[in-house]
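Novice: The structure that follows is given in the form of structure tokens.
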Amino acid sequence: MIHNTYASRLNVRYSFYVMLIAMLIPTFAVADEGMWIPMLLSKNEAAMQKAGMRISAKDIYDINNACLKDAVVLFGSGCTGEYVSDQGLLLTNHHCGYSFIVRHSTVANDYLTHGFWAASREQELPCPGLTVTRLVRMDDVTEQVLKGVGKDDDENTRSNKIDENMANIIKERTAGTHYKAVIKPFYYGNQYFIYINEVFTDVRLVGAPPSNIGKFGGDTDNWMWPRHTGDFSMFRVYADKEGKPADYSKDNVPYRPLKHMTISLKGVDEDDFTFVFGYPGTTKRYVTHDEVDLAANGTNPIRIALRDIRLKHYKNAMEQSSKQRLRYASKVASIANGWKKWQGESLGIERLEGVAQKKEQERQFRMWASDKPEYAKVLDELEQNYSKLRPVETEWTYFNEGIMASDFMNRTYKLWRVLRDTQFDDSLAHEQCERLIAENERFFNDFDTHSPTDRAIFVETALYVWKAGQLSFLDKKYHGEAAVRKFFEELYDNSILNNKDKYNKFLRSYRTKNYTKVVSGGVPAVDFFNVAYANAYTSDKRDIHTSARNNINRLMRTYIKGQMAMYPDSNFFPDANLTLRVTYGHVKGFEPADGVYYKPYTTLDGIIQKENPDIYDYVVEPRLKELYRSKDYGRYANAKGEMPVAFIATNHTTGGNSGSPVLNADGQLIGINFDRCWEGTMSDLLFDPNYCRNISLDIRYCLFVIDKYAGAKHLVDEMTIVQ
Ligand code: ARG
Ligand code: GLU
């Protein structure tokens, strides 16, 4: 679909290669692939040292001594951060700190646009709701978690027993401490680890570059190489006088971490060893061809096509005024992020012939398993469950990405829920209606300007869903595309939800005795939503989906156990599950297409080349240009006198690794992970060392921006820097 000819050209070249690896190598063990468990890193130590590492596994994870683990934290609930001073100073990505920077920004003090640098501790800005989590230790608790679980227990019995065991273990392991603990399943529940954590709640914003550094290239460059984004922000963790976590208080003091990063200004060259230490969120490495096919050819194309429509209309609007640009900026950023990633993922799976590759592995497994009763039927049963799952998952994707695409339908959904949940309680209904009236006050502020955009999005996405045969209940009344389109247009134009006075009047006079009338035609938008929802989410479909997913999880537990038994000498890494992992690889360029070679690093020269004062994403601050002209890079320049900005390497990372420290062979900080190259985003399912690259901010550009650009040298002075 996308880059059709390009992809099929590559296919010819790759089918041979793919068949070859499929025959020779089982489902793992591709160079540089893997997200390893820090506690078990001694198993990887030899390989890491062979790859160039000069420190030991114990320098990375050790429960008896301060080690690198103590300098790495879970930032919020989906990013990573690292301590860079003995005063609790923390580095993470700009896009990870984004919402906190936004929250402190006003029109008068627009930190998002212009940047923010606390000149003193007093100026650091509290961020309620933001947590920073340090792993104290982890342990294998498989035996305790599975105690009393019978081999033939059904999934419900099993999971109840496991939940009970886990609660007891957590209680026992945290009693009398200020620690919090979580237990996570590995290999689909073949193994369990407990994570004992220390959770800090007083975290303050210390510094952020202006958006045109921290988000330089915006969504245009997102997921792309060559990249020039200064994607970092700085926070400080505060604790009570004993150094224990405490909620915000004036009396809190900067936290003194057990360990902070040593920063190296030496930089890296192509082929140098690097590793990334952080919190990858989700991967699906061991799934069968059905799951790969469902993503690549089932749900991804639907999501991409429906987001194409939304993005086209938002972008049109954003080009019209800076007011519209601001309104849609963060919405577009999040829609575009998944949209672009899924395109890279589907293309990558196609290029690798991922479905065929998985089928070949399954063929081998079937042969091996044919005389082993425990495993012999597992793949057939997985296939049966996927065939039940797929139509439901497809339909729900249309609903969530299509019907729910517009503000109009989101607001209709809100109203529908209020009406449904308050059916039997007039005073609750009244209270909730008042809340919607208050929301309307904000929403209708400038409704006239955004209504055409939202109308177009509603009509086009709904029509797309109808064309896919998903809204066939309309066909009884409306015949053909023109009639359906007219129905959607009129639904929008005549809806009370798109008229402030009428909508408020409705909300004020609503009584629960009118409920049935309202949902069955009284308010046509609610009626439409109600029917579409009822069609997509019947209890039948819910049951099918839940039972198929439960079965798949149970069967995957067996399948992966079988794969491990089939290849007993291999080190299987567990899928990412937002627990601390180490991944390692080498700085390396790559060939994204025939005749094109991507160098492994970028410089400030590229920012100047990309500069375009007319395009928001490519505006360059005068001050940065000045520094470029005078080549005033200080000690942050590389050996060639260039100002390095970003680099790529073969580390296996995923969402959640944002903000992760990127370290050199000596365990010194050389960069901050912030993205992947989109040609390799299929690495959540299939890793290909020829294409999979993580993108890191060069720590020297980060320090240059803090020191030379922002003049916040006091922050750099706190850090431990080696030349
Ligand atoms: N692609 C990166 C990640 O997956 C960065 C996203 C934020 N940046 C953006 N331009 N939307 O999360
Ligand atoms: N930007 C991503 C994040 O927020 C990291 C990129 C990736 O998915 O590898 O975690």
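By order in the structure tokens, chains are A, B, ...; within a chain, residues start at 1; ligands start at 1, following the order shown.
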Around ligand 2, at most 6 Å away and counting only C-alpha atoms and all ligand atoms, which residues are there? Put them as an MDAnalysis selection string, please.
Specialist: chainID A and resid 79 653:658 674:676
Novice: Output all heavy atoms for every residue in that selection, as a tab-separated table (two decimals), in the first residue's frame.
Specialist:
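The result, stored in result_4.tsv:
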```tsv
chain	number	residue	atom	x	y	z
A	79	CYS	N	8.04	6.67	30.88
A	79	CYS	CA	9.32	7.13	30.34
A	79	CYS	C	10.42	6.73	31.31
A	79	CYS	O	10.18	6.23	32.40
A	79	CYS	CB	9.33	8.65	30.18
A	79	CYS	SG	8.58	9.27	28.65
A	653	THR	N	15.15	-1.12	21.34
A	653	THR	CA	14.38	-0.30	22.28
A	653	THR	C	12.92	-0.24	21.82
A	653	THR	O	12.60	-0.61	20.70
A	653	THR	CB	14.91	1.14	22.31
A	653	THR	OG1	14.92	1.65	20.98
A	653	THR	CG2	16.31	1.19	22.89
A	654	THR	N	12.08	0.26	22.69
A	654	THR	CA	10.68	0.49	22.30
A	654	THR	C	10.11	1.63	23.14
A	654	THR	O	10.82	2.23	23.95
A	654	THR	CB	9.85	-0.80	22.44
A	654	THR	OG1	8.55	-0.58	21.87
A	654	THR	CG2	9.66	-1.20	23.89
A	655	GLY	N	8.83	1.94	22.92
A	655	GLY	CA	8.17	2.99	23.68
A	655	GLY	C	8.33	2.75	25.17
A	655	GLY	O	8.12	1.64	25.65
A	656	GLY	N	8.70	3.79	25.92
A	656	GLY	CA	9.01	3.64	27.33
A	656	GLY	C	10.50	3.82	27.56
A	656	GLY	O	10.94	4.25	28.62
A	657	ASN	N	11.28	3.49	26.51
A	657	ASN	CA	12.72	3.74	26.55
A	657	ASN	C	13.04	5.22	26.34
A	657	ASN	O	14.19	5.62	26.41
A	657	ASN	CB	13.47	2.93	25.49
A	657	ASN	CG	13.90	1.58	25.99
A	657	ASN	OD1	13.59	0.54	25.39
A	657	ASN	ND2	14.61	1.55	27.11
A	658	SER	N	12.03	6.02	26.07
A	658	SER	CA	12.26	7.45	25.93
A	658	SER	C	12.90	7.99	27.20
A	658	SER	O	12.39	7.75	28.29
A	658	SER	CB	10.95	8.19	25.69
A	658	SER	OG	10.63	8.15	24.35
A	674	PHE	N	15.67	8.65	22.45
A	674	PHE	CA	14.37	9.32	22.31
A	674	PHE	C	13.50	8.81	21.18
A	674	PHE	O	12.33	9.18	21.07
A	674	PHE	CB	14.51	10.84	22.23
A	674	PHE	CG	15.12	11.40	20.96
A	674	PHE	CD1	14.32	11.86	19.93
A	674	PHE	CD2	16.50	11.49	20.83
A	674	PHE	CE1	14.87	12.41	18.77
A	674	PHE	CE2	17.06	12.02	19.67
A	674	PHE	CZ	16.25	12.49	18.64
A	675	ASP	N	14.02	7.93	20.32
A	675	ASP	CA	13.16	7.49	19.21
A	675	ASP	C	13.76	6.26	18.54
A	675	ASP	O	14.83	5.79	18.92
A	675	ASP	CB	12.98	8.63	18.20
A	675	ASP	CG	11.60	8.61	17.54
A	675	ASP	OD1	10.81	7.69	17.83
A	675	ASP	OD2	11.32	9.51	16.74
A	676	ARG	N	13.05	5.77	17.52
A	676	ARG	CA	13.60	4.74	16.63
A	676	ARG	C	13.45	5.22	15.20
A	676	ARG	O	12.61	6.07	14.93
A	676	ARG	CB	12.78	3.44	16.79
A	676	ARG	CG	13.31	2.48	17.82
A	676	ARG	CD	12.41	1.28	17.94
A	676	ARG	NE	11.11	1.62	18.48
A	676	ARG	CZ	10.04	0.82	18.44
A	676	ARG	NH1	10.12	-0.37	17.86
A	676	ARG	NH2	8.90	1.18	18.98
```
Novice: So which residues touch Asp605 of chain A within 9 Å, counting only C-alpha atoms, skipping near sequence neighbours fewer than 3 positions away, as a compact mmCIF listing (two decimals) with N, CA and C atoms, in the first residue's frame?
Specialist:
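See result06.txt below for the written result:
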```txt
# COMPACT_ATOMS: atom_id res chain seq x y z
N THR A 602 24.46 13.06 13.40
CA THR A 602 24.13 14.35 12.78
C THR A 602 24.78 15.47 13.58
N ILE A 608 20.98 23.94 10.67
CA ILE A 608 21.04 25.14 9.83
C ILE A 608 20.53 24.81 8.42
N GLN A 609 20.88 23.63 7.92
CA GLN A 609 20.38 23.22 6.60
C GLN A 609 18.86 23.08 6.58
N LYS A 610 18.30 22.59 7.66
CA LYS A 610 16.85 22.38 7.69
C LYS A 610 16.09 23.67 7.99
N TYR A 628 26.36 29.01 16.13
CA TYR A 628 26.82 28.22 14.98
C TYR A 628 27.82 29.02 14.16
N GLU A 642 33.00 19.71 14.93
CA GLU A 642 31.55 19.82 14.69
C GLU A 642 30.79 19.74 16.03
N MET A 643 29.56 20.26 16.00
CA MET A 643 28.69 20.12 17.17
C MET A 643 27.76 18.93 16.92
N PRO A 644 28.05 17.76 17.51
CA PRO A 644 27.20 16.60 17.26
C PRO A 644 25.82 16.78 17.90
```
Novice: Would you please work out which residue, of A:Ala51, A:Ile560, A:Ala646, A:Met719, is nearest to Thr274 of chain A when using only C-alpha atoms?
Specialist: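 Of A:Ala51, A:Ile560, A:Ala646, A:Met719, the one nearest Thr274 of chain A is A:Ala51, counting only C-alpha atoms.
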Novice: How would you write, as a VMD selection string, the set of residues in segment 155-285 of chain A that DSSP gives as strand (DSSP E or B)?
Specialist: chain A and resid 180 to 186 191 to 200 202 to 208 233 to 239 253 to 254 262 to 264 273 to 278
Novice: So that I can see what lies close to Lys331 of chain A, please list as a VMD selection string the residues with an atom at most 10 Å from it, counting only C-alpha atoms and leaving out residues fewer than 5 positions away in the same chain.
Specialist: chain A and resid 311 314 326 336
Novice: Any idea what's packed within 10 Å of Ala536 of chain A, counting only C-alpha atoms, ignoring anything in its chain fewer than 6 positions away? Could you give it as a list in words?
Specialist: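 The residues that qualify are Val392, Glu395, Trp396, Thr397, Tyr398, Phe399, Gln470, Leu471 and Arg542 of chain A.
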Novice: Would you save the residues from that selection as a PDB file, in the first residue's frame, using N, CA and C atoms?
Specialist:
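Final output, saved to part18.pdb:
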```pdb
ATOM      1  N   VAL A 392     -13.587  -9.519  15.410  1.00  0.00           N
ATOM      2  CA  VAL A 392     -14.006  -8.608  16.481  1.00  0.00           C
ATOM      3  C   VAL A 392     -12.989  -7.479  16.631  1.00  0.00           C
ATOM      4  N   GLU A 395     -13.428  -5.034  13.799  1.00  0.00           N
ATOM      5  CA  GLU A 395     -14.600  -4.182  13.962  1.00  0.00           C
ATOM      6  C   GLU A 395     -14.363  -3.110  15.035  1.00  0.00           C
ATOM      7  N   TRP A 396     -13.733  -3.488  16.134  1.00  0.00           N
ATOM      8  CA  TRP A 396     -13.479  -2.528  17.213  1.00  0.00           C
ATOM      9  C   TRP A 396     -12.473  -1.466  16.787  1.00  0.00           C
ATOM     10  N   THR A 397     -11.556  -1.862  15.913  1.00  0.00           N
ATOM     11  CA  THR A 397     -10.602  -0.870  15.414  1.00  0.00           C
ATOM     12  C   THR A 397     -11.334   0.182  14.582  1.00  0.00           C
ATOM     13  N   TYR A 398     -12.241  -0.265  13.722  1.00  0.00           N
ATOM     14  CA  TYR A 398     -13.053   0.689  12.959  1.00  0.00           C
ATOM     15  C   TYR A 398     -13.819   1.621  13.896  1.00  0.00           C
ATOM     16  N   PHE A 399     -14.361   1.042  14.937  1.00  0.00           N
ATOM     17  CA  PHE A 399     -15.146   1.856  15.857  1.00  0.00           C
ATOM     18  C   PHE A 399     -14.265   2.886  16.576  1.00  0.00           C
ATOM     19  N   GLN A 470     -19.243  -1.529   7.880  1.00  0.00           N
ATOM     20  CA  GLN A 470     -19.351  -1.644   9.327  1.00  0.00           C
ATOM     21  C   GLN A 470     -20.640  -1.026   9.898  1.00  0.00           C
ATOM     22  N   LEU A 471     -21.322  -0.206   9.112  1.00  0.00           N
ATOM     23  CA  LEU A 471     -22.509   0.458   9.657  1.00  0.00           C
ATOM     24  C   LEU A 471     -23.736   0.059   8.842  1.00  0.00           C
ATOM     25  N   ARG A 542     -18.150  -9.371  22.890  1.00  0.00           N
ATOM     26  CA  ARG A 542     -17.285  -9.215  24.064  1.00  0.00           C
ATOM     27  C   ARG A 542     -16.825 -10.568  24.592  1.00  0.00           C
TER      28      ARG A 542
END
```
Novice: Do you know which residues are at most 9 Å from Trp223 of chain A counting only C-alpha atoms, after dropping those on the same chain fewer than 6 positions away, and could you put them as JSON, numbers by chain?
Specialist: {"A": [337, 340, 341, 344, 675, 676, 677, 678, 679, 681, 695]}
Novice: Let's have the selection written as a PDB file, in the first residue's frame, with N, CA, C and O atoms.
Specialist:
```pdb
ATOM      1  N   ASN A 337       1.923  10.294  15.858  1.00  0.00           N
ATOM      2  CA  ASN A 337       2.970   9.407  16.388  1.00  0.00           C
ATOM      3  C   ASN A 337       2.658   7.937  16.080  1.00  0.00           C
ATOM      4  O   ASN A 337       3.484   7.225  15.516  1.00  0.00           O
ATOM      5  N   LYS A 340       2.455   7.170  12.136  1.00  0.00           N
ATOM      6  CA  LYS A 340       3.730   6.997  11.434  1.00  0.00           C
ATOM      7  C   LYS A 340       4.407   5.696  11.837  1.00  0.00           C
ATOM      8  O   LYS A 340       4.988   4.990  11.019  1.00  0.00           O
ATOM      9  N   LYS A 341       4.321   5.376  13.121  1.00  0.00           N
ATOM     10  CA  LYS A 341       4.958   4.151  13.590  1.00  0.00           C
ATOM     11  C   LYS A 341       4.346   2.926  12.916  1.00  0.00           C
ATOM     12  O   LYS A 341       5.045   2.028  12.478  1.00  0.00           O
ATOM     13  N   GLY A 344       5.611   2.379   9.413  1.00  0.00           N
ATOM     14  CA  GLY A 344       6.944   1.772   9.406  1.00  0.00           C
ATOM     15  C   GLY A 344       6.867   0.306   9.777  1.00  0.00           C
ATOM     16  O   GLY A 344       7.549  -0.543   9.191  1.00  0.00           O
ATOM     17  N   ASP A 675      14.022   7.927  20.317  1.00  0.00           N
ATOM     18  CA  ASP A 675      13.159   7.486  19.214  1.00  0.00           C
ATOM     19  C   ASP A 675      13.761   6.264  18.538  1.00  0.00           C
ATOM     20  O   ASP A 675      14.832   5.787  18.921  1.00  0.00           O
ATOM     21  N   ARG A 676      13.054   5.767  17.523  1.00  0.00           N
ATOM     22  CA  ARG A 676      13.597   4.741  16.635  1.00  0.00           C
ATOM     23  C   ARG A 676      13.453   5.217  15.203  1.00  0.00           C
ATOM     24  O   ARG A 676      12.608   6.067  14.929  1.00  0.00           O
ATOM     25  N   CYS A 677      14.235   4.622  14.299  1.00  0.00           N
ATOM     26  CA  CYS A 677      14.064   4.919  12.874  1.00  0.00           C
ATOM     27  C   CYS A 677      12.856   4.130  12.384  1.00  0.00           C
ATOM     28  O   CYS A 677      12.732   2.942  12.661  1.00  0.00           O
ATOM     29  N   TRP A 678      11.991   4.782  11.608  1.00  0.00           N
ATOM     30  CA  TRP A 678      10.711   4.142  11.309  1.00  0.00           C
ATOM     31  C   TRP A 678      10.868   2.921  10.414  1.00  0.00           C
ATOM     32  O   TRP A 678      10.016   2.036  10.430  1.00  0.00           O
ATOM     33  N   GLU A 679      11.961   2.826   9.651  1.00  0.00           N
ATOM     34  CA  GLU A 679      12.190   1.616   8.839  1.00  0.00           C
ATOM     35  C   GLU A 679      12.332   0.382   9.730  1.00  0.00           C
ATOM     36  O   GLU A 679      12.245  -0.744   9.253  1.00  0.00           O
ATOM     37  N   THR A 681      10.623   0.030  12.890  1.00  0.00           N
ATOM     38  CA  THR A 681       9.664   0.000  14.000  1.00  0.00           C
ATOM     39  C   THR A 681       8.932  -1.334  14.129  1.00  0.00           C
ATOM     40  O   THR A 681       8.184  -1.535  15.080  1.00  0.00           O
ATOM     41  N   ILE A 695      17.397   5.971  18.232  1.00  0.00           N
ATOM     42  CA  ILE A 695      17.929   7.322  18.006  1.00  0.00           C
ATOM     43  C   ILE A 695      18.188   7.978  19.357  1.00  0.00           C
ATOM     44  O   ILE A 695      17.306   7.999  20.220  1.00  0.00           O
TER      45      ILE A 695
END
```
Novice: Interatomic distance between atom CA of Asp247 of chain A and atom CA of Ile170 of chain A?
Specialist: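 Distance between the two atoms: 22.6 Å.
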Novice: Of the candidates A:Asp617, A:Asp62, A:Glu360, A:Glu626, which one gets nearest to ligand 1 if we count only C-alpha atoms and all ligand atoms?
Specialist: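 Using only C-alpha atoms and all ligand atoms, the shortest distance to ligand 1 belongs to A:Asp617.
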Novice: Find, counting only C-alpha atoms, the residue in A:Met138, A:Val519, A:Leu627, A:Ala637 that gets nearest to Lys708 of chain A.
Specialist: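 So, comparing all the options, the nearest one is A:Leu627.
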Novice: Give me the residues near segment 228-240 of chain A as a PyMOL selection string, where near means some atom within 6 Å (using only C-alpha atoms) and where sequence neighbours in that chain fewer than 4 positions away do not count.
Specialist: chain A and resi 88-94+202-208+213-216+244-246+252-255
Novice: For the selection you just gave me, I'd like the residues written to a file as a PDB file, in the first residue's frame, keeping C-alpha atoms.
Specialist:
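out.pdb written:
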```pdb
ATOM      1  CA  GLY A  88      18.965  14.655  42.479  1.00  0.00           C
ATOM      2  CA  LEU A  89      19.200  16.344  39.069  1.00  0.00           C
ATOM      3  CA  LEU A  90      17.458  14.216  36.481  1.00  0.00           C
ATOM      4  CA  LEU A  91      17.561  14.101  32.684  1.00  0.00           C
ATOM      5  CA  THR A  92      14.759  12.798  30.482  1.00  0.00           C
ATOM      6  CA  ASN A  93      13.239  13.677  27.086  1.00  0.00           C
ATOM      7  CA  HIS A  94      11.483  16.932  26.261  1.00  0.00           C
ATOM      8  CA  ASP A 202       8.230  15.648  44.972  1.00  0.00           C
ATOM      9  CA  VAL A 203       9.673  16.222  41.512  1.00  0.00           C
ATOM     10  CA  ARG A 204      10.341  19.714  40.180  1.00  0.00           C
ATOM     11  CA  LEU A 205      10.926  21.113  36.730  1.00  0.00           C
ATOM     12  CA  VAL A 206      14.434  22.550  36.414  1.00  0.00           C
ATOM     13  CA  GLY A 207      14.984  23.197  32.747  1.00  0.00           C
ATOM     14  CA  ALA A 208      13.592  22.805  29.253  1.00  0.00           C
ATOM     15  CA  ILE A 213      15.128  22.970  19.987  1.00  0.00           C
ATOM     16  CA  GLY A 214      13.340  20.366  22.136  1.00  0.00           C
ATOM     17  CA  LYS A 215      10.848  19.491  19.398  1.00  0.00           C
ATOM     18  CA  PHE A 216      12.858  20.644  16.378  1.00  0.00           C
ATOM     19  CA  LYS A 244      13.098   9.264  51.954  1.00  0.00           C
ATOM     20  CA  PRO A 245      10.300   9.984  49.473  1.00  0.00           C
ATOM     21  CA  ALA A 246       7.884  12.657  50.678  1.00  0.00           C
ATOM     22  CA  ASN A 252      12.140  18.929  51.412  1.00  0.00           C
ATOM     23  CA  VAL A 253      15.733  18.840  50.234  1.00  0.00           C
ATOM     24  CA  PRO A 254      17.299  17.650  46.983  1.00  0.00           C
ATOM     25  CA  TYR A 255      17.493  13.863  46.979  1.00  0.00           C
TER      26      TYR A 255
END
```
Novice: Could you work out how far atom CA of Ala405 of chain A lies from atom CA of Leu428 of chain A, giving the answer in Å with one decimal?
Specialist: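 It comes out at 28.5 Å.
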Novice: Return as a tab-separated table the residues of segment 475-539 of chain A lying at most 10 Å from segment 439-448 of chain A, together with the closest atom-to-atom pair for each and the distance in Å to one decimal, counting only C-alpha atoms, with rows in chain order and ascending residue number.
Specialist:
```
residue	atom	partner	partner_atom	distance
A:Leu497	CA	A:Asn440	CA	9.4
A:Asn498	CA	A:Phe447	CA	8.4
A:Asn499	CA	A:Phe444	CA	8.3
A:Lys500	CA	A:Phe444	CA	6.5
A:Asp501	CA	A:Asn440	CA	9.8
A:Tyr503	CA	A:Asn440	CA	8.6
A:Asn504	CA	A:Asn440	CA	7.8
```
Novice: Next, dump the selected residues to file, keeping only N, CA, C and O atoms, as a short mmCIF file (atom, residue, chain, number, x, y, z; two decimals), in the first residue's frame.
Specialist:
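And here's part.cif as it stands now:
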```cif
data_model
loop_
_atom_site.label_atom_id
_atom_site.label_comp_id
_atom_site.auth_asym_id
_atom_site.auth_seq_id
_atom_site.Cartn_x
_atom_site.Cartn_y
_atom_site.Cartn_z
N LEU A 497 -25.95 19.02 19.87
CA LEU A 497 -24.61 19.02 20.46
C LEU A 497 -23.68 20.03 19.80
O LEU A 497 -22.63 20.35 20.32
N ASN A 498 -24.08 20.50 18.62
CA ASN A 498 -23.27 21.49 17.93
C ASN A 498 -23.89 22.89 17.99
O ASN A 498 -23.58 23.74 17.18
N ASN A 499 -24.76 23.07 18.97
CA ASN A 499 -25.38 24.38 19.14
C ASN A 499 -25.46 24.66 20.64
O ASN A 499 -26.20 24.00 21.37
N LYS A 500 -24.68 25.63 21.07
CA LYS A 500 -24.52 25.84 22.50
C LYS A 500 -25.86 26.06 23.22
O LYS A 500 -26.14 25.42 24.23
N ASP A 501 -26.66 26.98 22.69
CA ASP A 501 -27.92 27.30 23.38
C ASP A 501 -28.84 26.10 23.46
O ASP A 501 -29.40 25.78 24.51
N TYR A 503 -28.09 22.96 23.17
CA TYR A 503 -27.53 21.86 23.97
C TYR A 503 -27.68 22.16 25.47
O TYR A 503 -28.13 21.32 26.25
N ASN A 504 -27.35 23.39 25.86
CA ASN A 504 -27.50 23.74 27.27
C ASN A 504 -28.96 23.66 27.71
O ASN A 504 -29.25 23.20 28.82
#
```
